[in-house]
Amino acid sequence: MTIQQSLIEKIRLADRQGANALLDAWATEHGYERLISDVLDPTLLLIGEKWCASGAMTLAQVYIAAKVTEDVLNKIISMRINPSESHPPKGPVVIGNIEEDFHALGRRMVGTFLRAEGWIVHDLGNDVPATVFVDKALEVGARVIGVSAMIMTTALNIKMVRQEIDSRGLTGRIQLAVGGAVFCVSPGLVGEVGGDGTAANALAVPDLFNRLWRQSVEKEAGA
């Protein structure tokens, strides 16, 4: 049985403590940084597919998965950040799941790491229309919008955010970060939906947002 299968079994049994022990043991050998890319990301993809496509996962089990993910994130953040250090606010950003997408775990992971790095995160939640993303970005002065989607059918809805940004004359001024499990298995999808960039996992998102923010500033300065 793979580590992903073992983790899903713990989640099925609502064994949060056992799931955490399993992940701690794996991370002790392989490292917590790899825990996200090698274990959590593929496991959350499987859970999302089982819940969405076949109903094999219950809402209660998805809740346990979310709490286990939260436990892991808190551990990673506590190891990455010195409590004596404070990160000055870097600026406002907007994140959310695109319209018709309800897979919140990945987005919550992203929000957690962004806040830990000093970003002011405006999380719009699930099933967010394209117009709402752009309206919120303009309201709070965000230069980066992060849009999440778990599966291909909903990821294609991100095209509407790209169209909304461009139609308002905000191309380059508002950068579009895209993410979710489907982007890891379909690298060309970023360009297809009009994204300005993506990250391999939640750990890499702060660096992506740093880069996109700089691109926005440079675009505005050169306009």
# chains A, B, ... in the order shown; residues from 1 in each chain; ligands from 1
$ select_by_dssp --residues "chain A" --states "strand (DSSP E or B)" --output "number ranges by chain"
A: 91-98, 119-123, 128, 144-148, 171, 174-179, 197
$ residues_around --residues "Glu100 in chain A" --least-positions-apart "6" --cutoff "10 Å" --atoms "only C-alpha atoms" --output "PyMOL selection string"
chain A and resi 126-129+149+153-155+157
$ write_last_selection --atoms "N, CA and C atoms" --output "mmCIF file, in the first residue's frame"
data_model
loop_
_atom_site.group_PDB
_atom_site.id
_atom_site.type_symbol
_atom_site.label_atom_id
_atom_site.label_comp_id
_atom_site.auth_asym_id
_atom_site.auth_seq_id
_atom_site.Cartn_x
_atom_site.Cartn_y
_atom_site.Cartn_z
ATOM 1 N N ASN A 126 -15.231 29.620 -2.525
ATOM 2 C CA ASN A 126 -15.514 28.750 -3.670
ATOM 3 C C ASN A 126 -16.486 29.402 -4.648
ATOM 4 N N ASP A 127 -16.501 28.862 -5.880
ATOM 5 C CA ASP A 127 -17.527 29.196 -6.870
ATOM 6 C C ASP A 127 -17.595 30.709 -7.122
ATOM 7 N N VAL A 128 -16.445 31.293 -7.440
ATOM 8 C CA VAL A 128 -16.353 32.752 -7.583
ATOM 9 C C VAL A 128 -16.423 33.153 -9.064
ATOM 10 N N PRO A 129 -17.377 33.994 -9.444
ATOM 11 C CA PRO A 129 -17.453 34.468 -10.832
ATOM 12 C C PRO A 129 -16.255 35.353 -11.191
ATOM 13 N N ALA A 149 -8.429 25.720 -9.315
ATOM 14 C CA ALA A 149 -9.384 24.757 -9.869
ATOM 15 C C ALA A 149 -8.793 23.368 -9.731
ATOM 16 N N THR A 153 -12.611 20.575 -16.242
ATOM 17 C CA THR A 153 -13.835 21.262 -16.645
ATOM 18 C C THR A 153 -13.990 22.613 -15.962
ATOM 19 N N THR A 154 -13.613 22.702 -14.690
ATOM 20 C CA THR A 154 -13.716 23.987 -14.004
ATOM 21 C C THR A 154 -12.509 24.875 -14.297
ATOM 22 N N ALA A 155 -11.353 24.276 -14.522
ATOM 23 C CA ALA A 155 -10.160 25.076 -14.831
ATOM 24 C C ALA A 155 -10.373 25.921 -16.082
ATOM 25 N N ASN A 157 -12.887 27.447 -16.919
ATOM 26 C CA ASN A 157 -13.649 28.652 -16.579
ATOM 27 C C ASN A 157 -12.741 29.830 -16.231
#
$ closest_residue --among "A:Arg16, A:Lys90, A:Arg107, A:Lys136" --to "Asp41 in chain A" --atoms "only C-alpha atoms"
A:Arg107
$ residues_around --residues "Ala14 in chain A" --least-positions-apart "5" --cutoff "12 Å" --atoms "only C-alpha atoms" --output "list in words"
Leu7, Ile8, Glu9, Ala19, Asn20, Met57, Thr58, Leu59, Ala60, Gln61, Val62, Tyr63, Ile64, Ala65, Ala66, Lys67 and Val68 of chain A
$ closest_residue --among "A:Asn97, A:Asn74, A:Gln163, A:Ser37" --to "Val193 in chain A" --atoms "only C-alpha atoms"
A:Gln163
